[in-house]
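> upload_3.pdb is the file, holding PDB, C-alpha atoms:
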ATOM      1  CA  MET A   1     -30.595 -89.130  -5.476
ATOM      2  CA  PRO A   2     -32.711 -87.011  -3.116
ATOM      3  CA  SER A   3     -33.763 -83.697  -4.589
ATOM      4  CA  THR A   4     -32.813 -80.403  -2.947
ATOM      5  CA  ILE A   5     -34.748 -78.349  -5.505
ATOM      6  CA  ARG A   6     -37.276 -75.962  -3.980
ATOM      7  CA  THR A   7     -40.945 -76.772  -4.496
ATOM      8  CA  THR A   8     -44.228 -74.905  -4.575
ATOM      9  CA  THR A   9     -47.612 -76.287  -3.605
ATOM     10  CA  LEU A  10     -50.421 -76.427  -6.147
ATOM     11  CA  PRO A  11     -54.043 -75.744  -5.136
ATOM     12  CA  SER A  12     -54.510 -79.550  -5.189
ATOM     13  CA  GLY A  13     -51.939 -79.818  -2.404
ATOM     14  CA  GLU A  14     -49.328 -81.490  -4.604
ATOM     15  CA  ALA A  15     -45.759 -80.198  -4.334
ATOM     16  CA  VAL A  16     -44.053 -79.367  -7.634
ATOM     17  CA  GLN A  17     -40.470 -78.315  -8.202
ATOM     18  CA  VAL A  18     -39.926 -74.685  -9.164
ATOM     19  CA  LEU A  19     -37.019 -75.648 -11.437
ATOM     20  CA  GLY A  20     -37.650 -77.832 -14.446
ATOM     21  CA  GLN A  21     -36.292 -78.926 -17.792
ATOM     22  CA  GLY A  22     -37.581 -77.299 -20.965
ATOM     23  CA  THR A  23     -37.923 -79.042 -24.312
ATOM     24  CA  TRP A  24     -38.199 -76.134 -26.754
ATOM     25  CA  LYS A  25     -36.197 -76.942 -29.916
ATOM     26  CA  MET A  26     -36.114 -80.665 -29.022
ATOM     27  CA  GLY A  27     -37.481 -83.180 -31.492
ATOM     28  CA  GLU A  28     -36.563 -81.095 -34.531
ATOM     29  CA  ASP A  29     -33.609 -83.181 -35.736
ATOM     30  CA  ILE A  30     -33.575 -86.981 -35.489
ATOM     31  CA  ARG A  31     -29.769 -86.879 -35.406
ATOM     32  CA  ARG A  32     -29.938 -85.119 -32.010
ATOM     33  CA  ARG A  33     -32.644 -87.354 -30.539
ATOM     34  CA  ALA A  34     -30.380 -89.612 -28.467
ATOM     35  CA  ASP A  35     -28.596 -86.569 -26.980
ATOM     36  CA  GLU A  36     -31.922 -84.902 -26.166
ATOM     37  CA  VAL A  37     -33.295 -88.034 -24.510
ATOM     38  CA  ASN A  38     -30.083 -88.478 -22.549
ATOM     39  CA  ALA A  39     -30.137 -84.832 -21.417
ATOM     40  CA  LEU A  40     -33.649 -85.261 -19.996
ATOM     41  CA  LYS A  41     -32.691 -88.565 -18.369
ATOM     42  CA  LEU A  42     -29.652 -86.949 -16.764
ATOM     43  CA  GLY A  43     -31.841 -84.196 -15.372
ATOM     44  CA  LEU A  44     -34.141 -86.836 -13.874
ATOM     45  CA  ASP A  45     -31.124 -88.677 -12.460
ATOM     46  CA  LEU A  46     -29.988 -85.424 -10.834
ATOM     47  CA  GLY A  47     -33.398 -84.869  -9.260
ATOM     48  CA  ILE A  48     -35.118 -82.490 -11.674
ATOM     49  CA  THR A  49     -38.536 -84.089 -12.034
ATOM     50  CA  LEU A  50     -40.462 -81.249 -13.749
ATOM     51  CA  ILE A  51     -40.438 -81.325 -17.566
ATOM     52  CA  ASP A  52     -42.073 -78.589 -19.642
ATOM     53  CA  THR A  53     -43.167 -79.265 -23.232
ATOM     54  CA  ALA A  54     -45.823 -78.201 -25.734
ATOM     55  CA  GLU A  55     -47.683 -79.593 -28.706
ATOM     56  CA  MET A  56     -46.162 -76.871 -30.876
ATOM     57  CA  TYR A  57     -42.533 -77.782 -30.137
ATOM     58  CA  ALA A  58     -41.382 -79.542 -33.321
ATOM     59  CA  SER A  59     -45.063 -80.227 -34.112
ATOM     60  CA  GLY A  60     -45.227 -82.724 -31.247
ATOM     61  CA  GLY A  61     -41.704 -84.056 -31.732
ATOM     62  CA  ALA A  62     -40.567 -82.726 -28.355
ATOM     63  CA  GLU A  63     -43.342 -84.700 -26.655
ATOM     64  CA  GLU A  64     -42.057 -87.847 -28.371
ATOM     65  CA  VAL A  65     -38.558 -87.136 -27.015
ATOM     66  CA  VAL A  66     -40.060 -86.717 -23.543
ATOM     67  CA  ALA A  67     -41.911 -90.028 -23.897
ATOM     68  CA  GLU A  68     -38.663 -91.821 -24.590
ATOM     69  CA  ALA A  69     -36.843 -90.087 -21.743
ATOM     70  CA  ILE A  70     -39.479 -90.839 -19.090
ATOM     71  CA  ALA A  71     -40.210 -94.416 -20.143
ATOM     72  CA  GLY A  72     -40.329 -96.469 -16.945
ATOM     73  CA  ARG A  73     -40.070 -93.286 -14.852
ATOM     74  CA  ARG A  74     -43.439 -91.652 -15.404
ATOM     75  CA  ASP A  75     -44.406 -91.847 -11.736
ATOM     76  CA  GLU A  76     -41.445 -89.687 -10.745
ATOM     77  CA  THR A  77     -42.060 -87.050 -13.420
ATOM     78  CA  PHE A  78     -44.359 -84.012 -13.377
ATOM     79  CA  LEU A  79     -45.213 -82.924 -16.933
ATOM     80  CA  VAL A  80     -46.323 -79.453 -17.946
ATOM     81  CA  SER A  81     -47.597 -78.872 -21.465
ATOM     82  CA  LYS A  82     -49.353 -76.168 -23.410
ATOM     83  CA  VAL A  83     -51.851 -76.073 -26.263
ATOM     84  CA  LEU A  84     -51.775 -73.855 -29.323
ATOM     85  CA  PRO A  85     -54.023 -70.786 -29.288
ATOM     86  CA  SER A  86     -55.892 -72.326 -32.220
ATOM     87  CA  ASN A  87     -56.893 -75.148 -29.837
ATOM     88  CA  ALA A  88     -58.132 -72.802 -27.114
ATOM     89  CA  SER A  89     -61.696 -74.073 -26.965
ATOM     90  CA  ARG A  90     -63.260 -76.779 -24.822
ATOM     91  CA  ALA A  91     -63.196 -79.324 -27.667
ATOM     92  CA  GLY A  92     -59.837 -78.083 -28.954
ATOM     93  CA  VAL A  93     -58.121 -78.408 -25.574
ATOM     94  CA  GLN A  94     -59.539 -81.888 -25.083
ATOM     95  CA  ARG A  95     -58.394 -82.988 -28.561
ATOM     96  CA  ALA A  96     -54.956 -81.396 -28.087
ATOM     97  CA  CYS A  97     -54.524 -83.117 -24.709
ATOM     98  CA  GLU A  98     -55.538 -86.487 -26.129
ATOM     99  CA  ASN A  99     -53.031 -86.066 -28.981
ATOM    100  CA  SER A 100     -50.303 -84.989 -26.539
ATOM    101  CA  LEU A 101     -50.991 -87.997 -24.330
ATOM    102  CA  LYS A 102     -50.597 -90.295 -27.351
ATOM    103  CA  ARG A 103     -47.238 -88.728 -28.195
ATOM    104  CA  LEU A 104     -46.169 -88.859 -24.543
ATOM    105  CA  ARG A 105     -47.242 -92.506 -24.335
TER     106      ARG A 105
END
Please render this file's structure as structure tokens.

Amino acid sequence: MPSTIRTTTLPSGEAVQVLGQGTWKMGEDIRRRADEVNALKLGLDLGITLIDTAEMYASGGAEEVVAEAIAGRRDETFLVSKVLPSNASRAGVQRACENSLKRLR
């Protein structure tokens, strides 16, 4: 389905949607996992390709939900994530990103 969601252009020149799906509170309860994955997949099906997550959401559990939802669709998804303030150093950011990438597969 073609997207009609407005975009903004990053300094790199890449266009990114201004509307995305958030994952706060996802990954906290395994009993809700299938519903959370399906909600993100539906958003992708409807053209929302921006997904926002963070290492702190469910201690990385939200990133694992995202990984499941975008499996096979990574090329059509723009991910935004954040690191904890305790990881706000050069080495900490690098380590946090590497751990996030593992959870995001």
> If I take atom CA of A:Asp52 and atom CA of A:Met26, how far is one from the other in Å, to one decimal?
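A separation of 11.3 Å between them.
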> Can you translate the PyMOL selection byres ((chain A and resi 78) around 9) into the concrete residues it hits in this file, as a PyMOL selection string?
chain A and resi 16-17+49-52+74-77+79-80
> Hey, which of A:Arg31, A:Glu98, A:Gly20, A:Ala88 ends up closest to A:Thr7? Count all atoms listed in the file.
A:Gly20
> When the PyMOL selection byres ((chain A and resi 102) around 12) is applied to the file above, which residues end up in the set, as a list in words?
Glu55, Gly60, Gly61, Glu63, Glu64, Val66, Ala67, Arg95, Ala96, Cys97, Glu98, Asn99, Ser100, Leu101, Arg103, Leu104 and Arg105 of chain A
> Restrict the selected residues to C-alpha atoms and save them as a PDB file, in the coordinates of the input.

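In the end it all went to again-v1.pdb:
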ATOM      1  CA  GLU A  55     -47.683 -79.593 -28.706  1.00  0.00           C
ATOM      2  CA  GLY A  60     -45.227 -82.724 -31.247  1.00  0.00           C
ATOM      3  CA  GLY A  61     -41.704 -84.056 -31.732  1.00  0.00           C
ATOM      4  CA  GLU A  63     -43.342 -84.700 -26.655  1.00  0.00           C
ATOM      5  CA  GLU A  64     -42.057 -87.847 -28.371  1.00  0.00           C
ATOM      6  CA  VAL A  66     -40.060 -86.717 -23.543  1.00  0.00           C
ATOM      7  CA  ALA A  67     -41.911 -90.028 -23.897  1.00  0.00           C
ATOM      8  CA  ARG A  95     -58.394 -82.988 -28.561  1.00  0.00           C
ATOM      9  CA  ALA A  96     -54.956 -81.396 -28.087  1.00  0.00           C
ATOM     10  CA  CYS A  97     -54.524 -83.117 -24.709  1.00  0.00           C
ATOM     11  CA  GLU A  98     -55.538 -86.487 -26.129  1.00  0.00           C
ATOM     12  CA  ASN A  99     -53.031 -86.066 -28.981  1.00  0.00           C
ATOM     13  CA  SER A 100     -50.303 -84.989 -26.539  1.00  0.00           C
ATOM     14  CA  LEU A 101     -50.991 -87.997 -24.330  1.00  0.00           C
ATOM     15  CA  ARG A 103     -47.238 -88.728 -28.195  1.00  0.00           C
ATOM     16  CA  LEU A 104     -46.169 -88.859 -24.543  1.00  0.00           C
ATOM     17  CA  ARG A 105     -47.242 -92.506 -24.335  1.00  0.00           C
TER      18      ARG A 105
END
> Can you work out the spacing between atom CA of A:Ala58 and atom CA of A:Ile30 in Å, to one decimal?
11.0 Å
> For a quick check of understanding, using only C-alpha atoms, which of A:Leu19, A:Leu84, A:Leu10, A:Val93 has the smallest distance to A:Ile48?
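Comparing A:Leu19, A:Leu84, A:Leu10, A:Val93 against A:Ile48, the winner is A:Leu19.
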> Can you work out which one of A:Val65, A:Ser86, A:Trp24, A:Gln94 has the shortest atom-to-atom distance to A:Asn38, counting all atoms listed in the file?
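Between A:Val65, A:Ser86, A:Trp24, A:Gln94, the residue approaching A:Asn38 most closely is A:Val65.
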> So, with all atoms listed in the file as the atoms that count, which of A:Glu14, A:Glu36, A:Met56, A:Ala62 lies closest to A:Pro85?
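Distance minimum relative to A:Pro85 lands on A:Met56.
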> Can you work out the spacing between atom CA of A:Asn87 and atom CA of A:Ile70 in Å, to one decimal?
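Taking atom CA of A:Asn87 and atom CA of A:Ile70, their separation equals 25.8 Å.
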> Closest to A:Thr4 among A:Thr53, A:Asp35, A:Leu42, A:Val18, using only C-alpha atoms?
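Checking each of A:Thr53, A:Asp35, A:Leu42, A:Val18 against A:Thr4, counting only C-alpha atoms, the winner is A:Val18.
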> Determine the nearest neighbour of A:Arg33 from the options A:Gln21, A:Asp45, A:Tyr57, A:Glu68, counting only C-alpha atoms.
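Distance minimum relative to A:Arg33 lands on A:Glu68.
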> Please complete stretch 59-79 of chain A so it has N, CA, C and O atoms, and hand it over as an mmCIF file, in the frame of the given file.

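Wrote it out as result-v9.cif, contents follow:
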data_model
loop_
_atom_site.group_PDB
_atom_site.id
_atom_site.type_symbol
_atom_site.label_atom_id
_atom_site.label_comp_id
_atom_site.auth_asym_id
_atom_site.auth_seq_id
_atom_site.Cartn_x
_atom_site.Cartn_y
_atom_site.Cartn_z
ATOM 1 N N SER A 59 -43.777 -79.616 -33.728
ATOM 2 C CA SER A 59 -45.063 -80.227 -34.112
ATOM 3 C C SER A 59 -45.313 -81.537 -33.367
ATOM 4 O O SER A 59 -45.729 -82.529 -33.951
ATOM 5 N N GLY A 60 -45.030 -81.535 -32.069
ATOM 6 C CA GLY A 60 -45.227 -82.724 -31.247
ATOM 7 C C GLY A 60 -43.983 -83.571 -31.077
ATOM 8 O O GLY A 60 -43.950 -84.488 -30.256
ATOM 9 N N GLY A 61 -42.940 -83.279 -31.816
ATOM 10 C CA GLY A 61 -41.704 -84.056 -31.732
ATOM 11 C C GLY A 61 -41.050 -83.995 -30.362
ATOM 12 O O GLY A 61 -40.470 -84.977 -29.893
ATOM 13 N N ALA A 62 -41.149 -82.846 -29.695
ATOM 14 C CA ALA A 62 -40.567 -82.726 -28.355
ATOM 15 C C ALA A 62 -41.283 -83.657 -27.380
ATOM 16 O O ALA A 62 -40.647 -84.252 -26.507
ATOM 17 N N GLU A 63 -42.594 -83.793 -27.533
ATOM 18 C CA GLU A 63 -43.342 -84.700 -26.655
ATOM 19 C C GLU A 63 -42.889 -86.142 -26.871
ATOM 20 O O GLU A 63 -42.824 -86.920 -25.921
ATOM 21 N N GLU A 64 -42.556 -86.493 -28.085
ATOM 22 C CA GLU A 64 -42.057 -87.847 -28.371
ATOM 23 C C GLU A 64 -40.691 -88.072 -27.723
ATOM 24 O O GLU A 64 -40.407 -89.163 -27.226
ATOM 25 N N VAL A 65 -39.855 -87.052 -27.704
ATOM 26 C CA VAL A 65 -38.558 -87.136 -27.015
ATOM 27 C C VAL A 65 -38.801 -87.342 -25.519
ATOM 28 O O VAL A 65 -38.162 -88.189 -24.883
ATOM 29 N N VAL A 66 -39.727 -86.584 -24.961
ATOM 30 C CA VAL A 66 -40.060 -86.717 -23.543
ATOM 31 C C VAL A 66 -40.537 -88.134 -23.246
ATOM 32 O O VAL A 66 -40.129 -88.744 -22.253
ATOM 33 N N ALA A 67 -41.392 -88.668 -24.106
ATOM 34 C CA ALA A 67 -41.911 -90.028 -23.897
ATOM 35 C C ALA A 67 -40.776 -91.031 -23.778
ATOM 36 O O ALA A 67 -40.790 -91.903 -22.897
ATOM 37 N N GLU A 68 -39.805 -90.898 -24.632
ATOM 38 C CA GLU A 68 -38.663 -91.821 -24.590
ATOM 39 C C GLU A 68 -37.846 -91.632 -23.315
ATOM 40 O O GLU A 68 -37.415 -92.603 -22.691
ATOM 41 N N ALA A 69 -37.670 -90.380 -22.917
ATOM 42 C CA ALA A 69 -36.843 -90.087 -21.743
ATOM 43 C C ALA A 69 -37.492 -90.553 -20.439
ATOM 44 O O ALA A 69 -36.788 -90.965 -19.513
ATOM 45 N N ILE A 70 -38.813 -90.492 -20.354
ATOM 46 C CA ILE A 70 -39.479 -90.839 -19.090
ATOM 47 C C ILE A 70 -40.001 -92.273 -19.060
ATOM 48 O O ILE A 70 -40.609 -92.679 -18.065
ATOM 49 N N ALA A 71 -39.737 -93.026 -20.102
ATOM 50 C CA ALA A 71 -40.210 -94.416 -20.143
ATOM 51 C C ALA A 71 -39.720 -95.156 -18.900
ATOM 52 O O ALA A 71 -38.536 -95.127 -18.571
ATOM 53 N N GLY A 72 -40.660 -95.759 -18.174
ATOM 54 C CA GLY A 72 -40.329 -96.469 -16.945
ATOM 55 C C GLY A 72 -40.147 -95.565 -15.737
ATOM 56 O O GLY A 72 -39.895 -96.043 -14.635
ATOM 57 N N ARG A 73 -40.282 -94.244 -15.941
ATOM 58 C CA ARG A 73 -40.070 -93.286 -14.852
ATOM 59 C C ARG A 73 -41.218 -92.292 -14.742
ATOM 60 O O ARG A 73 -41.097 -91.253 -14.108
ATOM 61 N N ARG A 74 -42.324 -92.592 -15.354
ATOM 62 C CA ARG A 74 -43.439 -91.652 -15.404
ATOM 63 C C ARG A 74 -43.908 -91.236 -14.013
ATOM 64 O O ARG A 74 -44.242 -90.071 -13.792
ATOM 65 N N ASP A 75 -43.911 -92.161 -13.077
ATOM 66 C CA ASP A 75 -44.406 -91.847 -11.736
ATOM 67 C C ASP A 75 -43.539 -90.837 -10.990
ATOM 68 O O ASP A 75 -44.002 -90.219 -10.034
ATOM 69 N N GLU A 76 -42.315 -90.655 -11.424
ATOM 70 C CA GLU A 76 -41.445 -89.687 -10.745
ATOM 71 C C GLU A 76 -41.340 -88.369 -11.507
ATOM 72 O O GLU A 76 -40.556 -87.496 -11.145
ATOM 73 N N THR A 77 -42.152 -88.212 -12.550
ATOM 74 C CA THR A 77 -42.060 -87.050 -13.420
ATOM 75 C C THR A 77 -43.348 -86.236 -13.387
ATOM 76 O O THR A 77 -44.443 -86.781 -13.450
ATOM 77 N N PHE A 78 -43.220 -84.916 -13.293
ATOM 78 C CA PHE A 78 -44.359 -84.012 -13.377
ATOM 79 C C PHE A 78 -44.248 -83.310 -14.715
ATOM 80 O O PHE A 78 -43.264 -82.619 -14.983
ATOM 81 N N LEU A 79 -45.239 -83.517 -15.596
ATOM 82 C CA LEU A 79 -45.213 -82.924 -16.933
ATOM 83 C C LEU A 79 -46.091 -81.682 -16.997
ATOM 84 O O LEU A 79 -47.201 -81.670 -16.478
#
